Structures are given as C-alpha cells and as structure tokens.
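Trainee: Next comes start_3.pdb, PDB, C-alpha atoms:
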```
ATOM      1  CA  MET F   1       0.000   0.000   0.000
ATOM      2  CA  ALA F   2       1.364   3.402  -0.962
ATOM      3  CA  SER F   3       1.973   5.699   1.976
ATOM      4  CA  PRO F   4      -0.569   8.531   2.071
ATOM      5  CA  GLY F   5       0.740  12.049   1.772
ATOM      6  CA  PRO F   6      -0.380  14.985   3.907
ATOM      7  CA  ARG F   7      -4.072  14.877   4.707
ATOM      8  CA  ARG F   8      -6.225  17.920   4.543
ATOM      9  CA  VAL F   9      -9.173  18.372   6.863
ATOM     10  CA  ILE F  10     -12.281  19.639   5.154
ATOM     11  CA  ALA F  11     -14.198  22.231   7.082
ATOM     12  CA  THR F  12     -17.164  23.415   5.081
ATOM     13  CA  GLY F  13     -19.041  26.330   6.474
ATOM     14  CA  ILE F  14     -21.614  25.701   9.141
ATOM     15  CA  THR F  15     -24.535  28.066   9.232
ATOM     16  CA  ALA F  16     -25.967  28.406  12.717
ATOM     17  CA  THR F  17     -29.686  28.953  12.898
ATOM     18  CA  ALA F  18     -31.288  30.640  15.864
ATOM     19  CA  ALA F  19     -35.036  30.367  16.346
ATOM     20  CA  ILE F  20     -37.120  32.422  18.781
ATOM     21  CA  LEU F  21     -40.422  30.843  19.738
ATOM     22  CA  ALA F  22     -43.264  32.969  21.105
ATOM     23  CA  LEU F  23     -46.031  31.374  23.164
ATOM     24  CA  ILE F  24     -49.457  32.857  22.503
ATOM     25  CA  HIS F  25     -52.052  32.428  25.260
ATOM     26  CA  LEU F  26     -55.494  31.919  23.738
ATOM     27  CA  PRO F  27     -58.891  31.822  25.453
ATOM     28  CA  PRO F  28     -59.985  28.266  26.352
ATOM     29  CA  HIS F  29     -62.633  28.088  23.615
ATOM     30  CA  ILE F  30     -60.068  28.617  20.820
ATOM     31  CA  GLN F  31     -57.132  26.609  22.161
ATOM     32  CA  PRO F  32     -55.490  24.470  19.395
ATOM     33  CA  SER F  33     -55.997  20.730  19.390
ATOM     34  CA  PRO F  34     -53.400  19.088  21.678
ATOM     35  CA  SER F  35     -53.283  15.954  19.488
ATOM     36  CA  ARG F  36     -51.293  17.838  16.836
ATOM     37  CA  THR F  37     -49.208  20.315  18.791
ATOM     38  CA  THR F  38     -48.262  18.705  22.085
ATOM     39  CA  PRO F  39     -44.559  19.223  22.909
ATOM     40  CA  SER F  40     -44.089  15.509  23.543
ATOM     41  CA  ALA F  41     -45.362  14.583  20.069
ATOM     42  CA  SER F  42     -43.148  17.211  18.434
ATOM     43  CA  ALA F  43     -40.089  16.045  20.368
ATOM     44  CA  ALA F  44     -40.793  12.411  19.506
ATOM     45  CA  ASP F  45     -41.121  13.221  15.798
ATOM     46  CA  THR F  46     -37.957  15.320  15.787
ATOM     47  CA  THR F  47     -36.018  12.534  17.505
ATOM     48  CA  GLU F  48     -37.255   9.971  14.979
ATOM     49  CA  LEU F  49     -36.455  12.260  12.047
ATOM     50  CA  ALA F  50     -32.940  12.890  13.370
ATOM     51  CA  ARG F  51     -32.428   9.136  13.741
ATOM     52  CA  LEU F  52     -33.620   8.572  10.185
ATOM     53  CA  ALA F  53     -31.355  11.333   8.845
ATOM     54  CA  THR F  54     -28.349   9.906  10.699
ATOM     55  CA  SER F  55     -29.029   6.418   9.356
ATOM     56  CA  TYR F  56     -29.331   7.707   5.790
ATOM     57  CA  LEU F  57     -26.112   9.741   5.993
ATOM     58  CA  GLN F  58     -24.220   6.914   7.725
ATOM     59  CA  GLN F  59     -25.216   4.533   4.923
ATOM     60  CA  ARG F  60     -23.770   6.956   2.375
ATOM     61  CA  ALA F  61     -20.518   7.415   4.295
ATOM     62  CA  ASP F  62     -20.101   3.668   4.810
ATOM     63  CA  MET F  63     -20.007   3.151   1.040
ATOM     64  CA  LEU F  64     -16.651   4.959   0.959
ATOM     65  CA  THR F  65     -15.018   2.516   3.370
ATOM     66  CA  ALA F  66     -13.417  -0.893   3.028
ATOM     67  CA  ALA F  67     -16.253  -2.268   5.158
ATOM     68  CA  ARG F  68     -18.925  -1.089   2.707
ATOM     69  CA  PRO F  69     -22.037  -3.238   2.260
ATOM     70  CA  THR F  70     -23.333  -4.075  -1.188
ATOM     71  CA  VAL F  71     -25.439  -1.427  -2.877
ATOM     72  CA  GLU F  72     -28.403  -3.800  -2.711
ATOM     73  CA  ALA F  73     -28.027  -4.277   1.038
ATOM     74  CA  ALA F  74     -27.562  -0.567   1.706
ATOM     75  CA  SER F  75     -30.519   0.352  -0.494
ATOM     76  CA  GLY F  76     -32.699  -2.190   1.262
ATOM     77  CA  ARG F  77     -32.074  -0.560   4.639
ATOM     78  CA  LEU F  78     -33.067   2.925   3.513
ATOM     79  CA  ARG F  79     -36.500   4.300   4.387
ATOM     80  CA  ALA F  80     -37.200   6.653   1.509
ATOM     81  CA  THR F  81     -39.916   7.656  -0.936
ATOM     82  CA  PRO F  82     -39.748   5.868  -4.324
ATOM     83  CA  ALA F  83     -38.189   8.890  -6.044
ATOM     84  CA  MET F  84     -35.635   9.385  -3.255
ATOM     85  CA  ALA F  85     -34.850   5.652  -3.166
ATOM     86  CA  ALA F  86     -33.913   5.746  -6.865
ATOM     87  CA  ARG F  87     -31.651   8.759  -6.331
ATOM     88  CA  ALA F  88     -30.096   7.208  -3.217
ATOM     89  CA  ARG F  89     -29.281   3.968  -5.030
ATOM     90  CA  SER F  90     -27.490   5.920  -7.756
ATOM     91  CA  GLU F  91     -25.492   7.893  -5.185
ATOM     92  CA  LEU F  92     -24.623   4.792  -3.153
ATOM     93  CA  THR F  93     -23.252   3.204  -6.330
ATOM     94  CA  ALA F  94     -21.161   6.296  -7.100
ATOM     95  CA  LEU F  95     -19.839   6.514  -3.529
ATOM     96  CA  ALA F  96     -18.812   2.848  -3.571
ATOM     97  CA  ALA F  97     -16.872   3.470  -6.780
ATOM     98  CA  LYS F  98     -15.116   6.445  -5.168
ATOM     99  CA  GLY F  99     -14.225   4.338  -2.146
ATOM    100  CA  ARG F 100     -12.637   1.647  -4.307
ATOM    101  CA  GLN F 101     -10.716   4.294  -6.232
ATOM    102  CA  TYR F 102      -9.224   5.756  -3.058
ATOM    103  CA  GLU F 103      -8.279   2.304  -1.808
ATOM    104  CA  GLY F 104      -6.161   1.869  -4.915
ATOM    105  CA  VAL F 105      -4.399   5.188  -4.344
ATOM    106  CA  ASP F 106      -3.512   5.176  -0.648
ATOM    107  CA  GLY F 107      -5.547   2.521   1.138
ATOM    108  CA  GLY F 108      -8.713   4.594   1.369
ATOM    109  CA  TYR F 109     -10.859   4.618   4.502
ATOM    110  CA  THR F 110     -11.413   1.902   7.071
ATOM    111  CA  ARG F 111     -14.610   3.194   8.678
ATOM    112  CA  ALA F 112     -16.916   6.191   8.931
ATOM    113  CA  ARG F 113     -18.791   7.944  11.713
ATOM    114  CA  VAL F 114     -21.668  10.363  11.207
ATOM    115  CA  ASP F 115     -23.207  12.588  13.881
ATOM    116  CA  VAL F 116     -26.153  14.887  13.203
ATOM    117  CA  GLU F 117     -26.998  18.145  14.965
ATOM    118  CA  VAL F 118     -30.523  19.401  14.248
ATOM    119  CA  THR F 119     -30.692  23.196  14.172
ATOM    120  CA  GLU F 120     -34.289  23.650  13.009
ATOM    121  CA  ALA F 121     -37.328  21.382  12.667
ATOM    122  CA  ASP F 122     -40.696  22.001  11.037
ATOM    123  CA  VAL F 123     -43.055  19.058  11.549
ATOM    124  CA  ALA F 124     -46.607  18.827  10.173
ATOM    125  CA  ASP F 125     -49.021  15.901   9.943
ATOM    126  CA  ARG F 126     -47.727  14.411   6.678
ATOM    127  CA  THR F 127     -44.484  16.273   5.938
ATOM    128  CA  ALA F 128     -41.462  17.504   7.843
ATOM    129  CA  THR F 129     -38.296  19.493   7.207
ATOM    130  CA  LEU F 130     -35.046  19.354   9.148
ATOM    131  CA  ARG F 131     -32.213  21.839   8.933
ATOM    132  CA  LEU F 132     -29.139  20.089  10.315
ATOM    133  CA  THR F 133     -25.363  19.906  10.436
ATOM    134  CA  ASP F 134     -23.809  16.655   9.273
ATOM    135  CA  HIS F 135     -20.522  15.947  11.090
ATOM    136  CA  THR F 136     -18.676  13.127   9.310
ATOM    137  CA  ARG F 137     -15.338  11.460  10.030
ATOM    138  CA  LEU F 138     -13.705   9.140   7.507
ATOM    139  CA  TYR F 139     -10.859   7.182   9.112
ATOM    140  CA  PHE F 140      -7.723   6.559   7.051
ATOM    141  CA  ALA F 141      -5.982   3.216   6.612
ATOM    142  CA  LEU F 142      -2.729   4.088   8.429
ATOM    143  CA  THR F 143       0.387   2.126   9.194
ATOM    144  CA  PRO F 144       1.756   2.068  12.784
ATOM    145  CA  GLN F 145       4.623   4.273  11.589
ATOM    146  CA  GLU F 146       2.219   6.880  10.235
ATOM    147  CA  ILE F 147       0.264   6.889  13.477
ATOM    148  CA  GLU F 148       3.458   7.344  15.492
ATOM    149  CA  GLY F 149       4.503  10.119  13.139
ATOM    150  CA  GLY F 150       1.368  12.105  13.894
ATOM    151  CA  THR F 151      -0.525  11.596  10.624
ATOM    152  CA  PRO F 152      -4.161  12.716  11.127
ATOM    153  CA  GLU F 153      -6.341   9.683  11.769
ATOM    154  CA  CYS F 154      -9.353  10.908   9.855
ATOM    155  CA  GLU F 155     -10.757  13.338   7.350
ATOM    156  CA  GLU F 156     -13.477  15.511   8.825
ATOM    157  CA  SER F 157     -16.289  17.517   7.277
ATOM    158  CA  ALA F 158     -19.101  19.606   8.732
ATOM    159  CA  LEU F 159     -21.863  20.332   6.269
ATOM    160  CA  THR F 160     -25.260  21.988   6.627
ATOM    161  CA  ARG F 161     -28.138  20.159   4.960
ATOM    162  CA  THR F 162     -31.864  20.527   4.466
ATOM    163  CA  MET F 163     -33.764  17.244   4.475
ATOM    164  CA  THR F 164     -37.484  16.729   3.926
ATOM    165  CA  PHE F 165     -39.601  13.755   4.956
ATOM    166  CA  ALA F 166     -43.024  12.346   4.129
ATOM    167  CA  ARG F 167     -45.343   9.943   5.937
ATOM    168  CA  GLY F 168     -45.381   6.465   4.461
ATOM    169  CA  ALA F 169     -48.421   4.219   4.082
ATOM    170  CA  ASP F 170     -47.620   2.641   7.459
ATOM    171  CA  GLY F 171     -47.486   6.038   9.176
ATOM    172  CA  GLY F 172     -43.697   6.033   9.506
ATOM    173  CA  TRP F 173     -41.431   8.759   8.166
ATOM    174  CA  LEU F 174     -39.571   8.417   4.852
ATOM    175  CA  VAL F 175     -36.682  10.518   3.521
ATOM    176  CA  ALA F 176     -38.083  12.570   0.623
ATOM    177  CA  SER F 177     -35.183  14.869  -0.302
ATOM    178  CA  ASP F 178     -31.691  15.867   0.779
ATOM    179  CA  ARG F 179     -29.898  19.087  -0.172
ATOM    180  CA  ALA F 180     -26.381  19.859   1.028
ATOM    181  CA  ASP F 181     -25.103  23.456   1.227
ATOM    182  CA  VAL F 182     -21.832  23.088  -0.680
ATOM    183  CA  GLU F 183     -21.542  26.468  -2.378
ATOM    184  CA  GLY F 184     -18.441  28.477  -1.567
ATOM    185  CA  GLY F 185     -16.289  25.593  -0.377
ATOM    186  CA  PRO F 186     -14.683  22.302  -1.417
ATOM    187  CA  LEU F 187     -17.041  19.413  -2.059
ATOM    188  CA  PRO F 188     -16.745  16.889   0.787
ATOM    189  CA  THR F 189     -15.829  13.327  -0.101
ATOM    190  CA  THR F 190     -19.261  12.130   0.992
ATOM    191  CA  GLU F 191     -20.929  14.127  -1.783
ATOM    192  CA  VAL F 192     -21.382  12.741  -5.286
ATOM    193  CA  ALA F 193     -19.658  14.343  -8.262
ATOM    194  CA  ASP F 194     -21.611  16.994 -10.109
ATOM    195  CA  ALA F 195     -22.176  17.147 -13.839
ATOM    196  CA  THR F 196     -18.676  18.510 -14.452
ATOM    197  CA  GLY F 197     -17.129  15.365 -13.062
ATOM    198  CA  THR F 198     -15.374  17.146 -10.186
ATOM    199  CA  ASP F 199     -15.599  15.035  -7.070
ATOM    200  CA  GLY F 200     -13.827  17.451  -4.726
ATOM    201  CA  HIS F 201     -11.820  14.738  -2.958
ATOM    202  CA  PRO F 202      -9.056  16.406  -0.923
ATOM    203  CA  ALA F 203      -5.484  15.926  -2.041
ATOM    204  CA  HIS F 204      -3.654  13.188  -0.111
TER
END
```
Take the structure from the file and write it as structure tokens.
Mentor:
Amino acid sequence: MASPGPRRVIATGITATAAILALIHLPPHIQPSPSRTTPSASAADTTELARLATSYLQQRADMLTAARPTVEAASGRLRATPAMAARARSELTALAAKGRQYEGVDGGYTRARVDVEVTEADVADRTATLRLTDHTRLYFALTPQEIEGGTPECEESALTRTMTFARGADGGWLVASDRADVEGGPLPTTEVADATGTDGHPAH
C-alpha cells in the first residue's frame, strides 16, 4: 500500500440557525388541538427524524469505506420515498466506486462515523423538514509508523443540509429529499460528483 501524503481536513461552512419561539395564550374556547401540537409529540417526531437522517447519511458514508455493504443491502435498509430511493441507489453506487478508487491510491478509509446536529425542525401531519449539520469522520488506513509520526487519523467535514420527509403508508417517516449546502467551499468526499465530473476529494 502506498503511503498517504499529507491529509487535509475539510471544514465546510456551518450556518448556525437561531429560532425564537413565542407562546401565545389563547382563550380556552379557541385553544389548538393538543393531538397535533403537544410538545411531547413534536419532540418524539424530531427525535425519529434525526435518527432517520443519521441512518441515511451513515449509509452513504459507509459506502466509501473498506467495510462497505453491497449497494443492494444498503438500499434495502433505507427508508425513503420511491423517487428518493432511486436517487439514493445511484449515489450509493457512485460513492462505492469512489471508495474503491481511493483504496487503490492510498488505502482509502477503514470506517466512517456520522453525527447529526438538528438546528431547526418544522413538523406537520404528513411532511417535515429538518435543517441540520452533518458531522462526518472518515478514518484513514494508516500504518503504525504513520500513526506514530502524527498523521491525522481521519478526514473531517461539517456540512449543513436541508432534508425533507413524508409519511409512508404505514405512518412512519420516509426521507423525501436531501440538499447539502456546498456552495463556496470544497465538495466533501461524501458528496457525489456533479455534472462537471469534479468530485472534490481532498489531495492526499
């Protein structure tokens, strides 16, 4: 395996979102229905949506690693609308190809870790939108000598995303769309090449 050169840490811009919520006290006869707006229901939905987003993003990151599942297996674990499932399968295939390419250059990545920080949530009966920051670490295949020499153990990216969700026939949430804010910075490795063919992978 060729020894990797200097690694560059990607730090795409993170846009912090601050939300101020005002509580309006209404007379008893016009209070909103608690079945739709109770804090516990909102918190439960937001937690489930964050879990679903993390799972989706982790599946994508895993395709770049030596421990990647097959595209069929990864696609089968996704909870997505039909249109999103077709897009996700295409992206999973492209990410797997990128992972194999990097393995041939410098050993690639051994594993991935994705953490999600939700900054804004808008949840309705049948649709929902999350604004979140996707923190991803891709761990390099390093030799003991490289570790002792202080070579960074992983490539990191922090990327803001907007994800939408829809209720499925069984009442559960499905990923409906995913848009990453990549303008103005290098394209993280976890993103698929655009039409120009530029994949934005950092120089090793």
Trainee: Against region 42-55 of chain F, which residues of region 90-198 of chain F fall within 9 Å? For each one I want the closest pair of atoms and the distance in Å (one decimal), counting only C-alpha atoms, rows by chain and increasing residue number, as JSON lines.
Mentor:
```
{"residue": "F:Val114", "atom": "CA", "partner": "F:Thr54", "partner_atom": "CA", "distance": 6.7}
{"residue": "F:Asp115", "atom": "CA", "partner": "F:Thr54", "partner_atom": "CA", "distance": 6.6}
{"residue": "F:Val116", "atom": "CA", "partner": "F:Thr54", "partner_atom": "CA", "distance": 6.0}
{"residue": "F:Glu117", "atom": "CA", "partner": "F:Ala50", "partner_atom": "CA", "distance": 8.1}
{"residue": "F:Val118", "atom": "CA", "partner": "F:Ala50", "partner_atom": "CA", "distance": 7.0}
{"residue": "F:Ala121", "atom": "CA", "partner": "F:Thr46", "partner_atom": "CA", "distance": 6.8}
{"residue": "F:Asp122", "atom": "CA", "partner": "F:Thr46", "partner_atom": "CA", "distance": 8.6}
{"residue": "F:Val123", "atom": "CA", "partner": "F:Ser42", "partner_atom": "CA", "distance": 7.1}
{"residue": "F:Ala128", "atom": "CA", "partner": "F:Leu49", "partner_atom": "CA", "distance": 8.4}
{"residue": "F:Thr129", "atom": "CA", "partner": "F:Leu49", "partner_atom": "CA", "distance": 8.9}
{"residue": "F:Leu130", "atom": "CA", "partner": "F:Leu49", "partner_atom": "CA", "distance": 7.8}
{"residue": "F:Leu132", "atom": "CA", "partner": "F:Ala50", "partner_atom": "CA", "distance": 8.7}
{"residue": "F:Asp134", "atom": "CA", "partner": "F:Thr54", "partner_atom": "CA", "distance": 8.3}
{"residue": "F:Met163", "atom": "CA", "partner": "F:Ala53", "partner_atom": "CA", "distance": 7.7}
{"residue": "F:Phe165", "atom": "CA", "partner": "F:Leu49", "partner_atom": "CA", "distance": 7.9}
{"residue": "F:Trp173", "atom": "CA", "partner": "F:Leu49", "partner_atom": "CA", "distance": 7.2}
{"residue": "F:Leu174", "atom": "CA", "partner": "F:Leu52", "partner_atom": "CA", "distance": 8.0}
{"residue": "F:Val175", "atom": "CA", "partner": "F:Ala53", "partner_atom": "CA", "distance": 7.6}
```
Trainee: I'd like the interatomic distance between CA of Ala176 (chain F) and CA of Thr160 (chain F), to a tenth of an Å.
Mentor: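 Separating CA of Ala176 (chain F) from CA of Thr160 (chain F) is a distance of 17.0 Å.
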Trainee: For the point (-18.4, 8.2, -8.5) in file coordinates, what residues are within 7 Å, counting all atoms listed in the file? Give the answer as a PyMOL selection string?
Mentor: chain F and resi 94-95+97-98+192-193
Trainee: Can those selected residues be exported to a file as a PDB file, keeping the file's coordinate frame so that it contains C-alpha atoms?
Mentor:
```pdb
ATOM      1  CA  ALA F  94     -21.161   6.296  -7.100  1.00  0.00           C
ATOM      2  CA  LEU F  95     -19.839   6.514  -3.529  1.00  0.00           C
ATOM      3  CA  ALA F  97     -16.872   3.470  -6.780  1.00  0.00           C
ATOM      4  CA  LYS F  98     -15.116   6.445  -5.168  1.00  0.00           C
ATOM      5  CA  VAL F 192     -21.382  12.741  -5.286  1.00  0.00           C
ATOM      6  CA  ALA F 193     -19.658  14.343  -8.262  1.00  0.00           C
TER       7      ALA F 193
END
```
Trainee: Under the rule that only C-alpha atoms are counted, which of F:Asp62, F:Glu155, F:Glu91, F:Glu146 is the nearest residue to Glu191 (chain F)?
Mentor: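 Looking at the shortest contact to Glu191 (chain F), the residue is F:Glu91.
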Trainee: Compare F:Leu92, F:Leu159, F:Ala112, F:Ala169 by their minimum atom-to-atom distance to Arg126 (chain F), counting all atoms listed in the file, and give me the closest one.
Mentor: F:Ala169
Trainee: One decimal, Å: what's the distance from CA of Pro144 (chain F) over to CA of Arg113 (chain F), could you say?
Mentor: 21.4 Å
Trainee: Tell me, as a list of chain:residue names, which residues lie within 7 Å of Ala96 (chain F), counting all atoms listed in the file; anything in the same chain fewer than 4 positions away does not count.
Mentor: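 My reading of the contact set: F:Met63, F:Leu64, F:Leu92, F:Arg100.
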Trainee: Can you spit out the residues from that selection as a PDB file, keeping the file's coordinate frame, using C-alpha atoms?
Mentor:
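To be explicit, this is the file written out as again.pdb:
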```
ATOM      1  CA  MET F  63     -20.007   3.151   1.040  1.00  0.00           C
ATOM      2  CA  LEU F  64     -16.651   4.959   0.959  1.00  0.00           C
ATOM      3  CA  LEU F  92     -24.623   4.792  -3.153  1.00  0.00           C
ATOM      4  CA  ARG F 100     -12.637   1.647  -4.307  1.00  0.00           C
TER       5      ARG F 100
END
```
